[in-house]
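Participant: Dropping in upload_36.txt, with compact mmCIF, C-alpha atoms and all ligand atoms.
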# COMPACT_ATOMS: atom_id res chain seq x y z
CA MET W 1 136.38 109.90 179.30
CA ASP W 2 136.60 106.10 179.34
CA THR W 3 136.97 104.93 175.74
CA THR W 4 137.90 101.32 176.48
CA LEU W 5 135.43 98.67 175.37
CA ARG W 6 137.83 95.81 176.20
CA ASP W 7 141.60 95.46 176.49
CA ASN W 8 142.99 96.79 173.20
CA ILE W 9 139.57 97.78 171.82
CA ASN W 10 138.89 101.52 172.02
CA TRP W 11 136.48 104.16 170.81
CA VAL W 12 138.40 106.69 168.68
CA GLY W 13 135.54 108.74 167.17
CA TYR W 14 134.34 112.31 167.48
CA VAL W 15 131.71 113.90 169.72
CA ASP W 16 129.91 116.67 167.84
CA TRP W 17 128.35 118.82 170.58
CA THR W 18 127.20 121.62 168.32
CA VAL W 19 125.56 119.98 165.30
CA ARG W 20 121.84 120.80 165.17
CA ASP W 21 121.03 119.81 161.59
CA PHE W 22 121.89 116.39 160.21
CA HIS W 23 120.56 116.48 156.64
CA SER W 24 117.32 118.02 158.03
CA PHE W 25 117.21 115.75 161.09
CA GLU W 26 117.14 118.16 164.06
CA THR W 27 119.88 116.96 166.37
CA THR W 28 118.93 118.94 169.45
CA ARG W 29 121.29 116.93 171.65
CA GLY W 30 124.21 116.88 169.20
CA ALA W 31 125.70 113.70 167.76
CA THR W 32 128.72 111.42 167.71
CA TYR W 33 130.49 109.61 164.89
CA ASN W 34 131.93 106.47 166.42
CA SER W 35 135.05 104.74 165.22
CA TYR W 36 136.80 101.88 166.96
CA LEU W 37 140.37 100.63 167.04
CA ILE W 38 141.21 96.97 167.68
CA ARG W 39 144.88 96.31 168.41
CA ASP W 40 146.10 92.74 167.95
CA GLU W 41 148.77 91.04 165.84
CA LYS W 42 147.01 92.98 163.12
CA THR W 43 145.36 96.31 163.92
CA ALA W 44 141.96 97.32 162.53
CA LEU W 45 140.12 100.61 162.53
CA ILE W 46 136.35 100.17 162.23
CA ASP W 47 134.62 103.04 160.40
CA THR W 48 135.68 106.67 160.28
CA VAL W 49 133.93 110.03 160.81
CA LYS W 50 132.79 113.06 158.81
CA ALA W 51 135.66 114.37 156.69
CA ARG W 52 135.99 117.59 158.69
CA TYR W 53 136.77 115.56 161.85
CA ALA W 54 139.40 113.27 160.28
CA ARG W 55 142.17 115.07 162.15
CA GLU W 56 140.57 114.32 165.54
CA LEU W 57 140.09 110.67 164.62
CA LEU W 58 143.71 110.35 163.51
CA LYS W 59 144.87 112.01 166.74
CA ASN W 60 142.88 109.47 168.78
CA VAL W 61 144.41 106.62 166.76
CA ALA W 62 147.94 108.04 167.16
CA ASN W 63 147.45 108.22 170.95
CA LEU W 64 147.01 104.44 170.95
CA THR W 65 149.30 103.18 168.21
CA ASP W 66 151.75 104.13 165.50
CA PRO W 67 149.49 104.91 162.49
CA SER W 68 151.78 102.86 160.26
CA LYS W 69 150.76 99.81 162.30
CA VAL W 70 147.10 99.99 161.26
CA ASP W 71 146.58 97.10 158.82
CA TYR W 72 142.88 97.36 158.04
CA LEU W 73 140.20 100.01 157.77
CA ILE W 74 136.81 98.31 157.93
CA CYS W 75 133.94 100.24 156.33
CA ASN W 76 130.55 99.01 157.54
CA HIS W 77 128.59 101.79 155.83
CA ALA W 78 129.44 104.18 152.99
CA GLU W 79 127.30 107.15 154.06
CA PRO W 80 129.54 110.24 154.36
CA ASP W 81 129.04 110.74 158.12
CA HIS W 82 131.12 107.55 158.54
CA ALA W 83 133.04 107.33 155.31
CA SER W 84 133.89 110.81 154.04
CA ALA W 85 137.07 110.85 156.16
CA ILE W 86 138.33 107.66 154.49
CA PRO W 87 140.43 109.37 151.76
CA GLN W 88 142.29 111.48 154.32
CA VAL W 89 142.57 108.65 156.85
CA LEU W 90 144.00 106.21 154.29
CA LYS W 91 146.65 108.79 153.37
CA GLU W 92 147.75 108.91 157.02
CA LEU W 93 147.60 105.14 157.57
CA PRO W 94 150.14 104.10 154.91
CA ASN W 95 149.82 100.36 155.47
CA ALA W 96 146.06 100.12 155.83
CA THR W 97 143.90 98.11 153.45
CA LEU W 98 140.27 99.14 153.12
CA VAL W 99 137.96 96.20 153.86
CA CYS W 100 134.35 96.37 152.69
CA ASN W 101 131.76 94.55 150.62
CA GLN W 102 131.36 95.01 146.87
CA LYS W 103 128.36 97.34 147.09
CA CYS W 104 130.16 99.47 149.66
CA TYR W 105 133.21 99.74 147.43
CA GLN W 106 131.06 100.74 144.46
CA THR W 107 129.44 103.47 146.56
CA LEU W 108 132.74 104.75 147.97
CA ASP W 109 134.11 104.81 144.43
CA LYS W 110 131.32 107.20 143.41
CA PHE W 111 132.06 109.57 146.30
CA SER W 112 135.89 109.49 146.08
CA ASP W 113 138.84 108.73 143.89
CA THR W 114 139.72 105.22 145.06
CA SER W 115 142.41 104.56 142.46
CA ASP W 116 145.31 104.47 144.92
CA TRP W 117 143.51 102.62 147.73
CA LYS W 118 144.52 99.12 148.75
CA THR W 119 141.20 97.31 148.95
CA LYS W 120 139.99 93.91 150.11
CA ILE W 121 136.43 93.01 149.11
CA ILE W 122 134.70 90.65 151.51
CA SER W 123 131.39 88.79 151.26
CA ASN W 124 128.59 88.12 153.70
CA GLY W 125 129.68 85.59 156.35
CA GLU W 126 133.38 85.97 155.62
CA SER W 127 135.88 86.32 158.47
CA LEU W 128 139.19 88.09 158.90
CA SER W 129 141.60 87.10 161.67
CA LEU W 130 143.54 89.80 163.51
CA GLY W 131 145.29 87.28 165.78
CA LYS W 132 143.33 86.74 168.98
CA HIS W 133 140.32 88.51 167.49
CA THR W 134 138.22 87.57 164.50
CA LEU W 135 136.14 89.99 162.47
CA GLN W 136 133.01 88.36 161.09
CA PHE W 137 131.13 90.33 158.43
CA ILE W 138 127.35 90.19 158.33
CA GLU W 139 125.59 92.08 155.58
CA THR W 140 122.47 94.00 156.62
CA PRO W 141 121.14 95.39 153.32
CA MET W 142 118.81 98.39 153.57
CA VAL W 143 119.45 98.98 157.25
CA HIS W 144 119.56 101.55 156.00
CA TRP W 145 121.65 101.65 152.80
CA PRO W 146 122.19 98.77 150.36
CA GLU W 147 125.79 98.14 151.44
CA SER W 148 125.19 98.31 155.22
CA MET W 149 127.05 95.69 157.22
CA PHE W 150 127.74 94.58 160.79
CA THR W 151 131.14 93.46 162.03
CA TYR W 152 131.03 90.95 164.88
CA VAL W 153 133.93 89.96 167.13
CA PRO W 154 132.96 86.60 168.67
CA GLU W 155 135.88 86.39 171.13
CA GLU W 156 134.68 89.61 172.81
CA LYS W 157 130.96 89.25 171.98
CA ILE W 158 130.94 92.75 170.50
CA LEU W 159 128.71 93.70 167.59
CA PHE W 160 129.82 96.76 165.63
CA SER W 161 126.40 97.67 164.32
CA MET W 162 126.99 100.88 162.28
CA ASP W 163 123.77 103.00 162.32
CA ALA W 164 121.54 100.28 163.81
CA PHE W 165 120.69 100.92 167.48
CA GLY W 166 122.23 104.39 167.19
CA GLN W 167 121.14 107.69 168.67
CA HIS W 168 122.06 111.30 167.93
CA ILE W 169 123.27 112.38 171.33
CA ALA W 170 126.52 114.03 172.38
CA SER W 171 127.70 112.96 175.82
CA SER W 172 130.86 112.75 177.88
CA GLY W 173 130.15 109.09 178.68
CA ARG W 174 130.62 106.58 175.89
CA PHE W 175 128.50 103.81 177.44
CA ASP W 176 124.77 103.46 178.02
CA ASP W 177 125.16 103.19 181.81
CA GLU W 178 127.02 106.53 181.91
CA VAL W 179 124.27 108.62 180.30
CA ASP W 180 120.65 109.38 181.23
CA MET W 181 118.71 106.42 179.84
CA CYS W 182 115.48 108.39 179.24
CA ALA W 183 117.37 110.77 176.95
CA VAL W 184 119.17 107.90 175.22
CA MET W 185 115.96 105.97 174.54
CA GLN W 186 114.20 109.11 173.33
CA GLU W 187 117.05 109.75 170.89
CA ALA W 188 117.16 106.08 169.84
CA LYS W 189 113.44 106.32 169.04
CA SER W 190 113.92 109.58 167.15
CA TYR W 191 116.81 108.05 165.21
CA TYR W 192 114.79 104.97 164.31
CA ALA W 193 111.77 107.05 163.29
CA ASN W 194 113.67 109.51 161.13
CA ILE W 195 116.28 107.24 159.56
CA VAL W 196 115.23 103.60 159.78
CA MET W 197 111.40 103.63 159.79
CA PRO W 198 110.91 102.68 156.11
CA TYR W 199 112.97 99.51 156.56
CA GLY W 200 111.03 97.66 159.27
CA LYS W 201 111.07 94.35 157.38
CA GLN W 202 114.82 94.53 156.89
CA VAL W 203 115.27 95.44 160.57
CA ALA W 204 113.22 92.39 161.57
CA GLY W 205 115.58 90.26 159.44
CA VAL W 206 118.60 91.82 161.09
CA LEU W 207 117.17 91.19 164.56
CA LYS W 208 116.83 87.51 163.66
CA LYS W 209 120.49 87.44 162.61
CA ALA W 210 121.48 89.22 165.82
CA ALA W 211 119.50 86.68 167.89
CA ASP W 212 121.94 83.98 166.69
CA LEU W 213 124.89 85.93 168.09
CA ASP W 214 126.12 85.99 171.65
CA ILE W 215 126.25 89.74 172.31
CA GLU W 216 127.62 91.50 175.36
CA MET W 217 128.15 94.87 173.72
CA ILE W 218 126.66 96.72 170.77
CA ALA W 219 129.06 99.33 169.48
CA THR W 220 126.92 101.50 167.23
CA SER W 221 128.17 104.28 164.95
CA HIS W 222 126.17 107.00 166.73
CA GLY W 223 125.69 107.75 170.41
CA VAL W 224 126.32 105.48 173.34
CA ILE W 225 127.67 101.93 173.26
CA TRP W 226 125.15 99.45 174.62
CA ARG W 227 126.47 97.18 177.38
CA SER W 228 123.99 97.41 180.28
CA HIS W 229 120.69 97.91 178.44
CA ILE W 230 121.02 95.68 175.38
CA ASP W 231 117.67 93.97 176.07
CA LYS W 232 115.97 97.36 176.21
CA ILE W 233 117.16 98.54 172.79
CA ILE W 234 116.60 95.13 171.13
CA SER W 235 113.07 95.01 172.53
CA ALA W 236 112.40 98.58 171.35
CA TYR W 237 113.65 97.72 167.85
CA LYS W 238 111.34 94.68 167.77
CA ASN W 239 108.37 96.92 168.57
CA TRP W 240 109.34 99.77 166.25
CA SER W 241 110.10 97.48 163.31
CA ARG W 242 106.56 96.07 163.57
CA PHE W 243 104.92 99.46 164.23
CA ARG W 244 103.54 98.31 167.57
CA PRO W 245 100.76 100.83 168.23
CA ALA W 246 100.65 102.64 171.55
CA ALA W 247 97.35 103.90 172.96
CA LYS W 248 98.36 107.25 171.58
CA VAL W 249 96.65 109.88 169.42
CA LEU W 250 98.59 112.45 167.43
CA ILE W 251 96.91 115.67 166.33
CA VAL W 252 99.10 117.44 163.78
CA TYR W 253 98.19 120.82 162.34
CA ASP W 254 99.16 124.15 160.92
CA THR W 255 96.94 127.18 161.27
CA MET W 256 96.59 130.65 159.77
CA TRP W 257 94.10 132.62 161.93
CA GLU W 258 93.67 130.05 164.74
CA SER W 259 90.56 128.35 163.30
CA THR W 260 92.34 125.07 162.52
CA ALA W 261 94.13 125.44 165.86
CA GLN W 262 90.74 125.61 167.62
CA MET W 263 89.66 122.47 165.81
CA ALA W 264 92.94 120.74 166.73
CA ARG W 265 92.50 121.67 170.40
CA ALA W 266 88.92 120.37 170.41
CA ILE W 267 90.05 117.05 168.86
CA HIS W 268 92.86 116.92 171.40
CA ALA W 269 90.44 117.59 174.27
CA GLY W 270 88.18 114.77 173.07
CA ALA W 271 91.10 112.35 172.87
CA SER W 272 92.55 113.49 176.20
CA ILE W 273 89.45 112.67 178.25
CA SER W 274 89.53 109.15 176.86
CA GLY W 275 92.59 107.89 178.71
CA VAL W 276 95.16 107.86 175.94
CA ASP W 277 98.42 109.70 175.38
CA ALA W 278 97.16 112.60 173.22
CA GLN W 279 99.87 114.72 171.60
CA LEU W 280 99.25 118.08 169.94
CA VAL W 281 101.84 118.93 167.28
CA HIS W 282 101.91 122.37 165.67
CA ILE W 283 103.96 121.30 162.68
CA ARG W 284 105.42 124.74 161.94
CA ARG W 285 106.71 125.00 165.52
CA SER W 286 107.56 121.39 166.36
CA GLY W 287 109.21 120.51 163.05
CA LEU W 288 109.54 117.37 161.00
CA THR W 289 111.87 115.41 163.26
CA ALA W 290 109.44 115.55 166.20
CA LEU W 291 106.56 114.70 163.87
CA ALA W 292 108.21 111.48 162.67
CA THR W 293 109.23 110.52 166.21
CA GLU W 294 105.71 110.96 167.57
CA ALA W 295 104.11 109.27 164.54
CA LEU W 296 106.18 106.10 164.92
CA ASP W 297 104.07 104.56 167.69
CA ALA W 298 100.87 106.63 167.46
CA ALA W 299 97.94 104.37 166.64
CA ALA W 300 95.78 107.25 165.41
CA ILE W 301 96.57 110.50 163.61
CA ALA W 302 94.38 113.54 162.88
CA PHE W 303 96.10 115.83 160.39
CA GLY W 304 94.85 119.35 159.71
CA SER W 305 95.64 122.61 157.98
CA ALA W 306 94.07 125.90 157.12
CA THR W 307 93.44 126.33 153.41
CA LEU W 308 96.02 128.44 151.62
CA ASN W 309 95.87 129.03 147.87
CA ARG W 310 93.44 126.13 147.38
CA GLY W 311 95.69 123.70 149.19
CA MET W 312 97.29 123.11 152.56
CA MET W 313 99.87 125.29 154.29
CA PRO W 314 103.51 124.66 153.33
CA MET W 315 104.68 122.96 156.52
CA ALA W 316 101.62 120.70 156.54
CA ALA W 317 102.55 119.66 152.98
CA ALA W 318 106.15 119.13 154.06
CA GLY W 319 105.02 117.03 157.03
CA LEU W 320 102.88 114.79 154.85
CA ALA W 321 105.64 114.41 152.25
CA TYR W 322 108.10 113.51 154.99
CA LEU W 323 105.76 110.96 156.58
CA GLU W 324 104.88 109.48 153.20
CA GLY W 325 108.56 108.77 152.57
CA LEU W 326 108.98 107.18 156.01
CA ARG W 327 106.02 104.88 155.30
CA PRO W 328 104.38 104.52 158.73
CA THR W 329 101.92 101.64 158.58
CA GLY W 330 98.86 100.30 160.39
CA LYS W 331 97.41 103.60 161.55
CA VAL W 332 93.92 105.12 161.54
CA GLY W 333 92.97 108.78 161.23
CA PHE W 334 91.25 111.59 159.42
CA ALA W 335 91.86 115.03 157.91
CA PHE W 336 90.57 118.35 159.17
CA GLY W 337 90.94 122.05 158.52
CA SER W 338 89.40 125.44 157.96
CA TYR W 339 88.73 127.29 154.74
CA GLY W 340 87.34 130.65 153.60
CA TRP W 341 85.83 131.08 150.17
CA GLY W 342 87.42 128.10 148.54
CA LYS W 343 87.82 124.57 149.90
CA GLY W 344 91.11 122.74 149.65
CA ALA W 345 93.29 121.81 152.62
CA ALA W 346 91.21 119.15 154.36
CA GLU W 347 90.38 117.46 151.04
CA ALA W 348 94.04 117.50 149.94
CA ILE W 349 95.18 116.06 153.27
CA ASP W 350 92.49 113.39 153.07
CA GLU W 351 93.85 112.29 149.67
CA ARG W 352 97.42 112.16 150.95
CA LEU W 353 96.51 110.17 154.05
CA LYS W 354 94.74 107.67 151.83
CA VAL W 355 97.87 107.36 149.67
CA MET W 356 99.71 106.59 152.92
CA LYS W 357 97.15 103.84 153.52
CA LEU W 358 95.79 105.21 156.76
CA GLU W 359 92.47 103.65 157.59
CA MET W 360 90.19 106.70 157.39
CA LEU W 361 87.73 106.92 160.28
CA ARG W 362 85.61 109.61 158.70
CA GLU W 363 85.23 112.19 155.93
CA PRO W 364 87.33 115.37 156.34
CA LEU W 365 86.18 117.58 159.20
CA LYS W 366 85.87 121.18 158.00
CA ALA W 367 85.01 124.66 159.21
CA GLN W 368 84.37 127.80 157.18
CA TYR W 369 86.31 130.80 158.56
CA ARG W 370 85.67 129.98 162.25
CA PRO W 371 84.57 126.64 163.69
CA SER W 372 81.05 126.95 165.09
CA LYS W 373 80.10 125.35 168.40
CA SER W 374 78.62 122.41 166.52
CA VAL W 375 81.86 121.92 164.52
CA LEU W 376 83.91 122.06 167.73
CA ASP W 377 81.56 119.52 169.32
CA GLU W 378 82.08 117.32 166.26
CA CYS W 379 85.84 117.72 166.65
CA HIS W 380 85.57 116.72 170.30
CA THR W 381 83.58 113.61 169.40
CA ALA W 382 86.04 112.76 166.60
CA GLY W 383 88.88 113.02 169.14
CA GLN W 384 87.10 110.53 171.38
CA GLU W 385 86.66 108.21 168.40
CA LEU W 386 90.39 108.42 167.62
CA ALA W 387 91.18 107.56 171.23
CA LYS W 388 88.77 104.63 171.28
CA ASN W 389 90.42 103.18 168.18
CA ALA W 390 93.91 103.79 169.55
CA LYS W 391 93.13 101.99 172.80
CA GLN W 392 91.61 99.05 170.95
CA MET W 393 94.54 98.78 168.56
CA ALA W 394 97.05 98.85 171.42
CA SER W 395 95.19 96.15 173.35
CA ASP W 396 94.65 93.95 170.26
CA TRP W 397 98.32 94.04 169.24
CA LYS W 398 100.09 90.70 169.31
FE1 LIG I 401 125.13 107.40 160.23
FE2 LIG I 401 123.59 106.10 157.54
O1 LIG I 401 124.87 107.10 158.43
Please, can you express the file's structure as structure tokens?
Facilitator:
Amino acid sequence: MDTTLRDNINWVGYVDWTVRDFHSFETTRGATYNSYLIRDEKTALIDTVKARYARELLKNVANLTDPSKVDYLICNHAEPDHASAIPQVLKELPNATLVCNQKCYQTLDKFSDTSDWKTKIISNGESLSLGKHTLQFIETPMVHWPESMFTYVPEEKILFSMDAFGQHIASSGRFDDEVDMCAVMQEAKSYYANIVMPYGKQVAGVLKKAADLDIEMIATSHGVIWRSHIDKIISAYKNWSRFRPAAKVLIVYDTMWESTAQMARAIHAGASISGVDAQLVHIRRSGLTALATEALDAAAIAFGSATLNRGMMPMAAAGLAYLEGLRPTGKVGFAFGSYGWGKGAAEAIDERLKVMKLEMLREPLKAQYRPSKSVLDECHTAGQELAKNAKQMASDWK
């Protein structure tokens, strides 16, 4: 495995082939926690890994240098997947000073006992010379934690971007041109949707900062290092951060005795004949991670559930709660669902979609026990209406 970014700059992280749950994010392709070592007159380690993989990180460092020669440990982000190994790593790097911003230090201090750490607090725009290389620190608040920060090395045109531009994908290649690009972009989209989506404005600000930098490599904290497809990921981030709508309709549902499923399929059929990308998502089978990923660029969403105990089914409720937190914006849609003797699900979903500020195209579409032919026809027509709106929104987008 080639771990060399440039002479004396190496990846020293951990590839986690088996992880499938990352705080509820389904990591079907595994993940990596990327750390980097820069050897110069002074030696710096940039970020660490999850605590349980500290030993592997330290082994990778020791293969390149005497651990006592590491002068700095840069922490770009305090979340435990990158920072929980710090206590153990600092014990094994006796001469290392932790370098981070004030907010990062305050956060690390809540997670760990920092009393015996040597620490250097830096500010936005500050630089630290290693000799031939300079580390420039660029704060990126709320992308996606308050203390988040980039480290830029101008002499090598490398941006160490922590979570930004990352993907949960385990691979034997460390660089974007060594791994299937379709899979990488799919995982980059999933990562953005599930982790970064609420912070589109902050991402737009970060992209402006990045535009001022001369970048030949983006060394993210997860997944592959970008060196051949930088334009592709920057362009995708521009679109995702602004919720660029695709001509795409998402029909999300849960069903009890197939009545809501029949409605969902009729809506899907109506959307499908209208020349858009129509996606049918059974929320209990597809899960929350896929829901967020598909919702990111869908212009239109129909959300349905059978009625259970005067409300919606549990996974439909979970899906709406998850989406509400991720704050997708600029979408149209409607609620649908079946009921028996008491109404509930479609009305409850309608309320929640309104809280999420979806532009509602119609009143909730409902069926008692089984959708009649006329209800299914109405579903079909509603699907066409969703598609018409989606196409218009995609073509109007500037
Ligand atoms: Fe990969 Fe926000 O941690």
Participant: Contacts of range 301-309 of chain W at 9 Å or less, counting all atoms listed in the file, minus same-chain residues fewer than 2 places along, as a PyMOL selection string?
Facilitator: chain W and resi 248-261+263-264+267+295+298-299+311-314+316+320+331-340+342-346+349-350+353+358+365+383+386
Participant: Would you put the residues from that selection into a file with C-alpha atoms, as a PDB file, in the frame of the given file?
Facilitator:
ATOM      1  CA  LYS W 248      98.360 107.250 171.580  1.00  0.00           C
ATOM      2  CA  VAL W 249      96.650 109.880 169.420  1.00  0.00           C
ATOM      3  CA  LEU W 250      98.590 112.450 167.430  1.00  0.00           C
ATOM      4  CA  ILE W 251      96.910 115.670 166.330  1.00  0.00           C
ATOM      5  CA  VAL W 252      99.100 117.440 163.780  1.00  0.00           C
ATOM      6  CA  TYR W 253      98.190 120.820 162.340  1.00  0.00           C
ATOM      7  CA  ASP W 254      99.160 124.150 160.920  1.00  0.00           C
ATOM      8  CA  THR W 255      96.940 127.180 161.270  1.00  0.00           C
ATOM      9  CA  MET W 256      96.590 130.650 159.770  1.00  0.00           C
ATOM     10  CA  TRP W 257      94.100 132.620 161.930  1.00  0.00           C
ATOM     11  CA  GLU W 258      93.670 130.050 164.740  1.00  0.00           C
ATOM     12  CA  SER W 259      90.560 128.350 163.300  1.00  0.00           C
ATOM     13  CA  THR W 260      92.340 125.070 162.520  1.00  0.00           C
ATOM     14  CA  ALA W 261      94.130 125.440 165.860  1.00  0.00           C
ATOM     15  CA  MET W 263      89.660 122.470 165.810  1.00  0.00           C
ATOM     16  CA  ALA W 264      92.940 120.740 166.730  1.00  0.00           C
ATOM     17  CA  ILE W 267      90.050 117.050 168.860  1.00  0.00           C
ATOM     18  CA  ALA W 295     104.110 109.270 164.540  1.00  0.00           C
ATOM     19  CA  ALA W 298     100.870 106.630 167.460  1.00  0.00           C
ATOM     20  CA  ALA W 299      97.940 104.370 166.640  1.00  0.00           C
ATOM     21  CA  GLY W 311      95.690 123.700 149.190  1.00  0.00           C
ATOM     22  CA  MET W 312      97.290 123.110 152.560  1.00  0.00           C
ATOM     23  CA  MET W 313      99.870 125.290 154.290  1.00  0.00           C
ATOM     24  CA  PRO W 314     103.510 124.660 153.330  1.00  0.00           C
ATOM     25  CA  ALA W 316     101.620 120.700 156.540  1.00  0.00           C
ATOM     26  CA  LEU W 320     102.880 114.790 154.850  1.00  0.00           C
ATOM     27  CA  LYS W 331      97.410 103.600 161.550  1.00  0.00           C
ATOM     28  CA  VAL W 332      93.920 105.120 161.540  1.00  0.00           C
ATOM     29  CA  GLY W 333      92.970 108.780 161.230  1.00  0.00           C
ATOM     30  CA  PHE W 334      91.250 111.590 159.420  1.00  0.00           C
ATOM     31  CA  ALA W 335      91.860 115.030 157.910  1.00  0.00           C
ATOM     32  CA  PHE W 336      90.570 118.350 159.170  1.00  0.00           C
ATOM     33  CA  GLY W 337      90.940 122.050 158.520  1.00  0.00           C
ATOM     34  CA  SER W 338      89.400 125.440 157.960  1.00  0.00           C
ATOM     35  CA  TYR W 339      88.730 127.290 154.740  1.00  0.00           C
ATOM     36  CA  GLY W 340      87.340 130.650 153.600  1.00  0.00           C
ATOM     37  CA  GLY W 342      87.420 128.100 148.540  1.00  0.00           C
ATOM     38  CA  LYS W 343      87.820 124.570 149.900  1.00  0.00           C
ATOM     39  CA  GLY W 344      91.110 122.740 149.650  1.00  0.00           C
ATOM     40  CA  ALA W 345      93.290 121.810 152.620  1.00  0.00           C
ATOM     41  CA  ALA W 346      91.210 119.150 154.360  1.00  0.00           C
ATOM     42  CA  ILE W 349      95.180 116.060 153.270  1.00  0.00           C
ATOM     43  CA  ASP W 350      92.490 113.390 153.070  1.00  0.00           C
ATOM     44  CA  LEU W 353      96.510 110.170 154.050  1.00  0.00           C
ATOM     45  CA  LEU W 358      95.790 105.210 156.760  1.00  0.00           C
ATOM     46  CA  LEU W 365      86.180 117.580 159.200  1.00  0.00           C
ATOM     47  CA  GLY W 383      88.880 113.020 169.140  1.00  0.00           C
ATOM     48  CA  LEU W 386      90.390 108.420 167.620  1.00  0.00           C
TER      49      LEU W 386
END
Participant: Pick out the closest residue to Asp113 in chain W from this set: W:Ile74, W:Gly275, W:Phe160, W:Pro87. Count all atoms listed in the file.
Facilitator: W:Pro87
Participant: Residues up to 7 Å from ligand LIG 401 (chain I), counting all atoms listed in the file: could you list those as a ChimeraX atom specification?
Facilitator: /W:77,79-82,144-145,163,221-222
Participant: Considering all atoms listed in the file, return as number ranges by chain whatever protein or nucleic-acid residues lie within 8 Å of Pro154 in chain W, sequence-local ones (same chain, fewer than 4 positions apart) excluded.
Facilitator: W: 133-136, 158, 214
Participant: So which one's closest to Ser190 in chain W, W:Trp341, W:Trp240, W:Phe175, W:Tyr369? Using all atoms listed in the file, please.
Facilitator: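 Distance minimum relative to Ser190 in chain W lands on W:Trp240.
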Participant: Tell me, as a count of residues only, which residues lie within 7 Å of Asp71 in chain W, counting all atoms listed in the file; anything in the same chain fewer than 5 positions away does not count.
Facilitator: 6
Participant: Hey, can you check how far CA of Gln186 in chain W sits from CA of Ala170 in chain W?
Facilitator: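 Taking CA of Gln186 in chain W as the start and CA of Ala170 in chain W as the end point, the length is 13.3 Å.
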Participant: Interatomic distance between CA of Glu187 in chain W and CA of Val15 in chain W?
Facilitator: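 If I compute the distance from CA of Glu187 in chain W to CA of Val15 in chain W, I get 15.3 Å.
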Participant: What would range 60-70 of chain W look like with N, CA, C and O atoms restored, written as an mmCIF file, in the frame of the given file?
Facilitator:
data_model
loop_
_atom_site.group_PDB
_atom_site.id
_atom_site.type_symbol
_atom_site.label_atom_id
_atom_site.label_comp_id
_atom_site.auth_asym_id
_atom_site.auth_seq_id
_atom_site.Cartn_x
_atom_site.Cartn_y
_atom_site.Cartn_z
ATOM 1 N N ASN W 60 143.285 110.526 167.828
ATOM 2 C CA ASN W 60 142.880 109.470 168.780
ATOM 3 C C ASN W 60 143.585 108.145 168.455
ATOM 4 O O ASN W 60 143.988 107.412 169.365
ATOM 5 N N VAL W 61 143.719 107.859 167.158
ATOM 6 C CA VAL W 61 144.410 106.620 166.760
ATOM 7 C C VAL W 61 145.890 106.718 167.171
ATOM 8 O O VAL W 61 146.450 105.777 167.757
ATOM 9 N N ALA W 62 146.504 107.876 166.880
ATOM 10 C CA ALA W 62 147.940 108.040 167.160
ATOM 11 C C ALA W 62 148.240 107.974 168.659
ATOM 12 O O ALA W 62 149.348 107.608 169.058
ATOM 13 N N ASN W 63 147.253 108.322 169.491
ATOM 14 C CA ASN W 63 147.450 108.220 170.950
ATOM 15 C C ASN W 63 147.529 106.761 171.401
ATOM 16 O O ASN W 63 147.991 106.468 172.491
ATOM 17 N N LEU W 64 147.048 105.851 170.564
ATOM 18 C CA LEU W 64 147.010 104.440 170.950
ATOM 19 C C LEU W 64 148.032 103.581 170.213
ATOM 20 O O LEU W 64 148.448 102.531 170.706
ATOM 21 N N THR W 65 148.377 104.001 168.993
ATOM 22 C CA THR W 65 149.300 103.180 168.210
ATOM 23 C C THR W 65 150.002 104.035 167.150
ATOM 24 O O THR W 65 149.525 105.123 166.807
ATOM 25 N N ASP W 66 151.084 103.500 166.642
ATOM 26 C CA ASP W 66 151.750 104.130 165.500
ATOM 27 C C ASP W 66 150.842 103.949 164.279
ATOM 28 O O ASP W 66 150.493 102.815 163.934
ATOM 29 N N PRO W 67 150.422 105.042 163.626
ATOM 30 C CA PRO W 67 149.490 104.910 162.490
ATOM 31 C C PRO W 67 149.971 103.944 161.402
ATOM 32 O O PRO W 67 149.160 103.330 160.721
ATOM 33 N N SER W 68 151.284 103.781 161.289
ATOM 34 C CA SER W 68 151.780 102.860 160.260
ATOM 35 C C SER W 68 151.492 101.401 160.624
ATOM 36 O O SER W 68 151.653 100.500 159.813
ATOM 37 N N LYS W 69 151.063 101.179 161.872
ATOM 38 C CA LYS W 69 150.760 99.810 162.300
ATOM 39 C C LYS W 69 149.302 99.415 162.060
ATOM 40 O O LYS W 69 148.906 98.298 162.379
ATOM 41 N N VAL W 70 148.511 100.341 161.548
ATOM 42 C CA VAL W 70 147.100 99.990 161.260
ATOM 43 C C VAL W 70 147.067 99.220 159.940
ATOM 44 O O VAL W 70 147.502 99.721 158.895
#
